[in-house]
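Below: start-v9.cif (mmCIF, C-alpha atoms)
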```cif
data_start
loop_
_atom_site.label_atom_id
_atom_site.label_comp_id
_atom_site.auth_asym_id
_atom_site.auth_seq_id
_atom_site.Cartn_x
_atom_site.Cartn_y
_atom_site.Cartn_z
CA MET W 1 12.17 87.87 151.55
CA SER W 2 9.96 85.84 149.24
CA SER W 3 6.88 86.55 151.35
CA LEU W 4 7.59 90.25 151.16
CA PHE W 5 7.87 90.07 147.41
CA SER W 6 4.71 88.03 146.91
CA SER W 7 2.65 90.30 149.16
CA HIS W 8 3.84 93.25 147.13
CA CYS W 9 2.80 91.45 143.96
CA ARG W 10 -0.68 90.79 145.29
CA SER W 11 -1.21 94.42 146.23
CA ASP W 12 -0.93 96.16 142.89
CA ALA W 13 -0.23 93.85 139.98
CA PRO W 14 -2.33 91.18 138.33
CA ALA W 15 -1.11 87.72 139.23
CA GLY W 16 1.74 86.48 137.08
CA ARG W 17 2.80 89.72 135.47
CA ARG W 18 5.54 90.72 137.88
CA PRO W 19 7.53 87.51 137.58
CA PHE W 20 7.16 87.78 133.81
CA LEU W 21 8.51 91.35 133.75
CA GLY W 22 11.25 90.37 136.15
CA GLY W 23 12.24 87.51 133.89
CA LEU W 24 12.28 89.81 130.86
CA LEU W 25 14.49 92.27 132.70
CA ALA W 26 16.86 89.52 133.76
CA ILE W 27 17.17 88.30 130.17
CA ALA W 28 17.77 91.85 128.90
CA LEU W 29 20.51 92.43 131.48
CA LEU W 30 22.24 89.08 131.25
CA ARG W 31 22.18 88.57 127.52
CA PRO W 32 25.07 90.88 126.48
CA ALA W 33 27.32 89.38 129.17
CA ALA W 34 26.41 85.87 128.10
CA ALA W 35 27.04 86.71 124.44
CA ALA W 36 30.43 88.26 125.28
CA THR W 37 31.41 85.22 127.33
CA GLU W 38 30.35 82.95 124.49
CA THR W 39 32.53 84.89 122.01
CA MET W 40 35.51 84.53 124.34
CA GLN W 41 34.81 80.84 124.96
CA ALA W 42 34.66 80.28 121.19
CA ALA W 43 38.07 81.98 120.82
CA ILE W 44 39.49 79.81 123.62
CA ARG W 45 38.07 76.67 121.99
CA GLY W 46 39.78 77.75 118.78
CA PHE W 47 43.09 77.98 120.68
CA THR W 48 42.73 74.66 122.50
CA GLY W 49 41.13 72.76 119.64
CA GLY W 50 38.04 72.02 121.74
CA VAL W 51 39.86 70.73 124.84
CA ALA W 52 38.52 72.27 128.07
CA PRO W 53 41.37 73.99 129.98
CA GLN W 54 41.80 73.18 133.68
CA PRO W 55 42.23 75.91 136.31
CA GLY W 56 45.53 76.31 138.17
CA GLY W 57 49.21 76.35 137.31
CA VAL W 58 48.97 79.71 135.55
CA THR W 59 49.31 83.21 137.00
CA LEU W 60 47.68 86.14 135.24
CA ASP W 61 49.03 89.32 136.79
CA ILE W 62 47.14 92.51 135.93
CA PRO W 63 46.09 95.47 138.09
CA PRO W 64 42.53 94.87 139.36
CA LEU W 65 41.67 98.57 138.97
CA VAL W 66 43.05 100.65 136.11
CA GLU W 67 42.33 104.30 135.41
CA ASN W 68 43.20 104.25 131.72
CA GLY W 69 42.51 101.27 129.49
CA ASN W 70 44.87 102.38 126.72
CA ALA W 71 47.93 100.55 128.03
CA VAL W 72 47.48 98.08 130.85
CA PRO W 73 50.57 96.06 131.84
CA LEU W 74 49.97 92.33 132.00
CA THR W 75 52.15 89.33 132.85
CA VAL W 76 51.35 85.67 132.36
CA GLU W 77 53.46 82.98 133.97
CA ALA W 78 52.83 79.26 133.79
CA GLU W 79 54.41 76.83 136.24
CA SER W 80 56.53 74.41 134.30
CA PRO W 81 60.05 72.95 134.49
CA MET W 82 60.38 73.84 130.77
CA THR W 83 62.26 70.65 129.90
CA GLU W 84 62.05 68.71 126.67
CA ALA W 85 59.66 66.24 128.32
CA ASP W 86 57.46 68.76 130.14
CA HIS W 87 57.07 72.29 128.86
CA ILE W 88 54.60 74.96 127.86
CA ARG W 89 54.37 75.23 124.09
CA ALA W 90 52.06 78.23 123.81
CA ILE W 91 50.23 80.88 125.82
CA GLY W 92 47.04 82.61 124.66
CA ILE W 93 45.41 85.66 126.24
CA PHE W 94 41.73 86.39 125.70
CA ASN W 95 39.31 89.14 126.74
CA GLU W 96 35.58 89.27 127.16
CA ARG W 97 34.41 92.69 126.05
CA ASN W 98 36.83 94.28 123.61
CA PRO W 99 35.49 94.23 120.04
CA GLN W 100 37.58 91.10 119.40
CA PRO W 101 38.24 88.30 121.91
CA HIS W 102 41.91 87.72 121.00
CA VAL W 103 44.72 89.64 122.67
CA LEU W 104 47.96 87.72 122.12
CA THR W 105 49.13 84.24 121.22
CA ALA W 106 52.75 83.35 121.97
CA VAL W 107 54.72 80.23 121.02
CA LEU W 108 57.36 79.01 123.48
CA GLY W 109 59.50 75.94 123.94
CA PRO W 110 61.92 74.21 126.33
CA TRP W 111 64.59 76.72 125.22
CA SER W 112 62.52 79.53 126.79
CA GLY W 113 63.72 78.64 130.28
CA THR W 114 60.55 79.99 131.88
CA ALA W 115 56.99 80.31 130.62
CA ARG W 116 56.68 83.99 131.39
CA ILE W 117 55.54 86.68 128.96
CA GLY W 118 54.60 90.31 129.47
CA THR W 119 52.91 92.92 127.32
CA ARG W 120 50.65 95.97 127.49
CA ILE W 121 47.05 95.72 126.36
CA ARG W 122 43.98 97.82 125.64
CA LEU W 123 40.76 97.35 127.57
CA ALA W 124 37.53 98.75 126.11
CA THR W 125 35.66 98.39 129.40
CA SER W 126 35.66 96.59 132.75
CA GLN W 127 35.84 92.91 131.96
CA ARG W 128 37.27 89.47 132.58
CA LEU W 129 40.55 88.28 131.07
CA VAL W 130 41.63 84.69 130.58
CA ALA W 131 45.13 83.34 130.01
CA VAL W 132 45.44 79.79 128.66
CA ALA W 133 48.70 77.81 128.65
CA ALA W 134 49.15 74.88 126.28
CA LEU W 135 51.24 72.04 127.70
CA ASN W 136 53.26 69.74 125.47
CA ASP W 137 51.20 66.73 126.63
CA GLY W 138 48.11 68.18 124.94
CA SER W 139 46.40 69.51 128.07
CA PHE W 140 45.58 73.13 128.80
CA ARG W 141 45.57 75.23 131.95
CA PHE W 142 44.02 78.63 132.52
CA ALA W 143 43.82 81.58 134.91
CA GLU W 144 41.38 84.46 134.87
CA ALA W 145 41.28 87.99 136.25
CA GLN W 146 38.60 90.62 136.61
CA VAL W 147 39.63 94.18 135.77
CA VAL W 148 37.74 97.40 136.49
CA VAL W 149 38.48 100.19 133.99
CA THR W 150 37.49 103.75 134.84
CA LEU W 151 38.49 105.34 131.50
CA ALA W 152 38.15 102.99 128.56
CA ALA W 153 40.47 102.67 125.57
CA CYS W 154 39.19 103.67 122.12
CA VAL W 155 36.77 106.37 123.35
CA GLU W 156 38.61 109.53 122.43
CA GLY W 157 38.60 110.28 118.71
CA MET B 1 62.07 102.92 110.23
CA ALA B 2 60.20 102.71 113.47
CA ARG B 3 62.21 103.26 116.61
CA THR B 4 62.80 100.20 118.74
CA LEU B 5 63.97 99.68 122.27
CA LEU B 6 65.56 96.32 123.07
CA ARG B 7 66.75 95.39 126.52
CA ILE B 8 69.00 92.36 126.47
CA PRO B 9 71.89 91.57 128.80
CA ALA B 10 75.19 91.96 126.96
CA THR B 11 76.64 88.84 128.54
CA ALA B 12 75.12 85.81 130.19
CA ALA B 13 76.36 82.65 131.85
CA ARG B 14 75.88 79.40 129.95
CA GLY B 15 72.46 78.00 130.73
CA GLU B 16 71.26 81.22 132.33
CA VAL B 17 67.67 82.24 131.66
CA VAL B 18 67.74 85.81 130.33
CA GLU B 19 64.77 88.10 130.01
CA ILE B 20 64.39 90.04 126.77
CA ARG B 21 62.20 93.12 126.62
CA THR B 22 61.22 94.67 123.31
CA LEU B 23 59.34 97.80 122.38
CA ILE B 24 58.63 99.22 118.93
CA GLN B 25 57.11 102.52 117.95
CA HIS B 26 53.81 101.82 116.16
CA PRO B 27 50.28 103.32 116.45
CA MET B 28 48.51 99.89 116.46
CA GLU B 29 45.42 101.50 114.92
CA THR B 30 42.57 99.18 115.90
CA GLY B 31 40.21 99.70 112.97
CA TYR B 32 37.40 100.71 115.35
CA ARG B 33 38.44 104.26 116.18
CA PRO B 34 37.07 107.35 114.37
CA GLY B 35 39.65 109.86 113.18
CA ALA B 36 39.53 113.65 113.19
CA ASP B 37 37.19 113.70 110.16
CA GLY B 38 34.70 111.31 111.81
CA THR B 39 35.36 108.32 109.56
CA VAL B 40 36.64 105.09 111.04
CA GLN B 41 40.37 104.76 110.58
CA PRO B 42 41.44 101.56 108.77
CA ARG B 43 43.24 98.94 110.80
CA ASP B 44 47.02 99.25 110.91
CA ILE B 45 48.62 96.88 113.42
CA ILE B 46 51.69 94.70 113.84
CA ARG B 47 50.41 91.16 113.47
CA ARG B 48 53.47 89.03 114.12
CA PHE B 49 56.66 89.21 116.14
CA THR B 50 59.45 86.65 116.02
CA CYS B 51 62.78 86.16 117.73
CA HIS B 52 65.45 83.92 116.20
CA TYR B 53 68.50 82.86 118.23
CA ASN B 54 71.27 81.67 115.92
CA ASN B 55 68.68 81.06 113.17
CA ARG B 56 66.45 79.03 115.48
CA LEU B 57 62.96 80.34 116.20
CA VAL B 58 62.78 80.80 119.98
CA PHE B 59 59.76 83.06 120.37
CA GLU B 60 56.80 83.92 118.19
CA ALA B 61 53.77 86.05 118.99
CA ALA B 62 50.56 86.85 117.11
CA LEU B 63 49.36 90.34 117.98
CA HIS B 64 45.77 91.62 117.81
CA PRO B 65 44.19 95.09 118.02
CA ALA B 66 43.90 94.65 121.81
CA ILE B 67 47.67 95.18 122.12
CA ALA B 68 48.41 98.75 123.15
CA ALA B 69 50.15 101.24 120.86
CA ASN B 70 53.96 100.91 120.75
CA PRO B 71 53.76 97.17 121.43
CA PHE B 72 55.85 95.94 124.34
CA LEU B 73 56.73 92.27 124.69
CA SER B 74 58.87 90.52 127.25
CA PHE B 75 59.89 86.87 127.24
CA THR B 76 62.80 84.67 128.32
CA ILE B 77 65.30 82.45 126.59
CA THR B 78 68.03 80.14 127.82
CA ALA B 79 71.49 81.42 126.90
CA ALA B 80 73.05 78.30 125.35
CA GLU B 81 75.85 79.77 123.22
CA SER B 82 77.15 83.10 122.01
CA GLY B 83 75.28 84.26 118.98
CA ILE B 84 72.96 86.65 117.26
CA LEU B 85 69.39 87.46 118.21
CA VAL B 86 67.21 88.57 115.31
CA PHE B 87 63.92 90.33 116.08
CA THR B 88 61.31 90.86 113.37
CA TRP B 89 57.99 92.67 113.41
CA GLU B 90 55.52 92.24 110.54
CA GLY B 91 52.20 93.99 110.12
CA ASP B 92 49.54 95.61 108.00
CA ASN B 93 50.40 97.81 105.01
CA GLY B 94 53.60 95.87 104.42
CA PHE B 95 55.17 96.83 107.74
CA ALA B 96 58.35 94.87 108.33
CA GLN B 97 61.33 95.63 110.50
CA THR B 98 64.29 93.59 111.65
CA GLU B 99 66.75 94.31 114.44
CA THR B 100 69.76 92.23 115.46
CA ARG B 101 71.68 92.07 118.70
CA ALA B 102 74.62 90.00 119.85
CA LEU B 103 74.42 87.89 122.99
CA GLU B 104 77.72 86.80 124.47
CA VAL B 105 77.73 83.68 126.60
CA VAL B 106 80.70 83.48 128.99
#
```
Conversion result in structure tokens:
Amino acid sequence: MSSLFSSHCRSDAPAGRRPFLGGLLAIALLRPAAAATETMQAAIRGFTGGVAPQPGGVTLDIPPLVENGNAVPLTVEAESPMTEADHIRAIGIFNERNPQPHVLTAVLGPWSGTARIGTRIRLATSQRLVAVAALNDGSFRFAEAQVVVTLAACVEG
Amino acid sequence: MARTLLRIPATAARGEVVEIRTLIQHPMETGYRPGADGTVQPRDIIRRFTCHYNNRLVFEAALHPAIAANPFLSFTITAAESGILVFTWEGDNGFAQTETRALEVV
């Protein structure tokens, strides 16, 4: 594969220009995604107070393909005995590519019985969603889901 | 008064975990959407939802423009004793609504 590419380079472009253009293209394509991820990561850091959440222990249930982004059902459930000594105290939901990274922040406690919340959300475009659960011992767990949206929210006037 | 839809079991066993589902009629205008005249409509959302069970806060949620119109929320509580559930929604432009329901523990 690399030999094919380099021979093509030699044939019609001055040495060094193709990789440069390729690099430029890669930056142009990747930059919005990186910026969106950074906005979401900043929102998650704001929720966790800078602690990095660990994967696992949380289920984020959302359809992987939705036709209409105006109301997408979503359920978040965190595994926890929900006792005084070991419970989930909050759940935060974040998105990557809506105008704002926050979706919902919920406060729970041992009286909740289960750490399960459901709602309906808007999705501006196909994107990644992250649910973060805050444990009472100060640690955080997260789950993520990728959603493809065929008709976005907020497009019709 | 906005219409609300609350689904709560009328009775529950002591210690039973009951699911509560709430829905309230509200446009949840995002503040990003142009209206019929082409100007961007100002934001008008519900920002906070709370549920008190016998005057104790058992569930609280902060809502953002990414929540769909007519916000739906479901959560669970442990039925400890018979009492009153008070649901409140607060939002932009002074929006505030309170609904109460009785929960009987048998």
Margin query: Could you tell me, as a count of residues only, exactly which residues end up selected when the PyMOL selection byres ((chain W) within 7 of (chain B)) is applied to this structure?
Written below: 22
Checklist line | Selection result for the PyMOL selection byres ((chain W and resi 126) around 6) on this file, as a VMD selection string | finding: chain W and resid 125 127 147 to 149
Selection dump of the PyMOL selection byres ((chain W and resi 150) around 7), as a CSV table (one decimal) with C-alpha atoms, keeping the file's coordinate frame:
```
chain,number,residue,atom,x,y,z
W,66,VAL,CA,43.0,100.6,136.1
W,67,GLU,CA,42.3,104.3,135.4
W,68,ASN,CA,43.2,104.2,131.7
W,148,VAL,CA,37.7,97.4,136.5
W,149,VAL,CA,38.5,100.2,134.0
W,151,LEU,CA,38.5,105.3,131.5
W,152,ALA,CA,38.2,103.0,128.6
```
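Residues lying within 12 Å of Thr39 of chain W, counting only C-alpha atoms and ignoring same-chain neighbours fewer than 2 positions away, are Pro32, Ala33, Ala34, Ala35, Ala36, Thr37, Gln41, Ala42, Ala43, Ile44, Arg45, Gly46, Phe94, Asn95, Glu96, Arg97, Asn98, Pro99, Gln100, Pro101 and His102 of chain W.
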Margin query: as a VMD selection string, please: the residues near Gly94 of chain B (cut-off 12 Å, all atoms listed in the file, same-chain neighbours under 4 positions excluded).
Written below: chain B and resid 44 to 48 89 to 90
What would the file look like if the residues just selected were written as a PDB file, in the frame of the given file with C-alpha atoms?
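Everything below was put into result22.pdb:
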```pdb
ATOM      1  CA  ASP B  44      47.020  99.250 110.910  1.00  0.00           C
ATOM      2  CA  ILE B  45      48.620  96.880 113.420  1.00  0.00           C
ATOM      3  CA  ILE B  46      51.690  94.700 113.840  1.00  0.00           C
ATOM      4  CA  ARG B  47      50.410  91.160 113.470  1.00  0.00           C
ATOM      5  CA  ARG B  48      53.470  89.030 114.120  1.00  0.00           C
ATOM      6  CA  TRP B  89      57.990  92.670 113.410  1.00  0.00           C
ATOM      7  CA  GLU B  90      55.520  92.240 110.540  1.00  0.00           C
TER       8      GLU B  90
END
```
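If you look at atom CA of Gly57 of chain W and atom CA of Ala85 of chain W, they are 17.1 Å away from each other.
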Selection: 8 Å around Gly83 of chain B, all atoms listed in the file, excl. self and same-chain fewer than 4 positions, as a tab-separated table (two decimals) with C-alpha atoms, in the coordinates of the input:
```
chain	number	residue	atom	x	y	z
B	53	TYR	CA	68.50	82.86	118.23
B	54	ASN	CA	71.27	81.67	115.92
B	102	ALA	CA	74.62	90.00	119.85
B	103	LEU	CA	74.42	87.89	122.99
B	104	GLU	CA	77.72	86.80	124.47
```
Check: Just how far from atom CA of Met40 of chain W is atom CA of Gly69 of chain W, in Å to one decimal?
Finding: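 Computed distance, atom CA of Gly69 of chain W to atom CA of Met40 of chain W, equals 18.9 Å.
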Next item on the list: Could you give me, as a PyMOL selection string, the residues within 8 Å of segment 97-99 of chain B, counting only C-alpha atoms and dropping anything in the same chain fewer than 3 positions from it?
Entry: chain B and resi 1-2+86-90
Notebook entry, point to check: Which one is closest to Asp137 of chain W: W:Glu84, W:Glu77, W:Glu38, W:Asp61? Count only C-alpha atoms.
Noted result: W:Glu84
Set up a box along x, y and z of the file covering all listed atoms of segment 134-152 of chain W, add 6 Å on every one of the six sides, and write the centre and edge lengths in Å to one decimal, as AutoDock Vina command-line options.
```
--center_x 45.4 --center_y 86.0 --center_z 130.8 --size_x 27.8 --size_y 50.6 --size_z 23.7
```
Checklist line | Residues within 7 Å of (39.3, 90.1, 135.7), file coords, only C-alpha atoms, listed as a PyMOL selection string | finding: chain W and resi 64+127-129+144-147
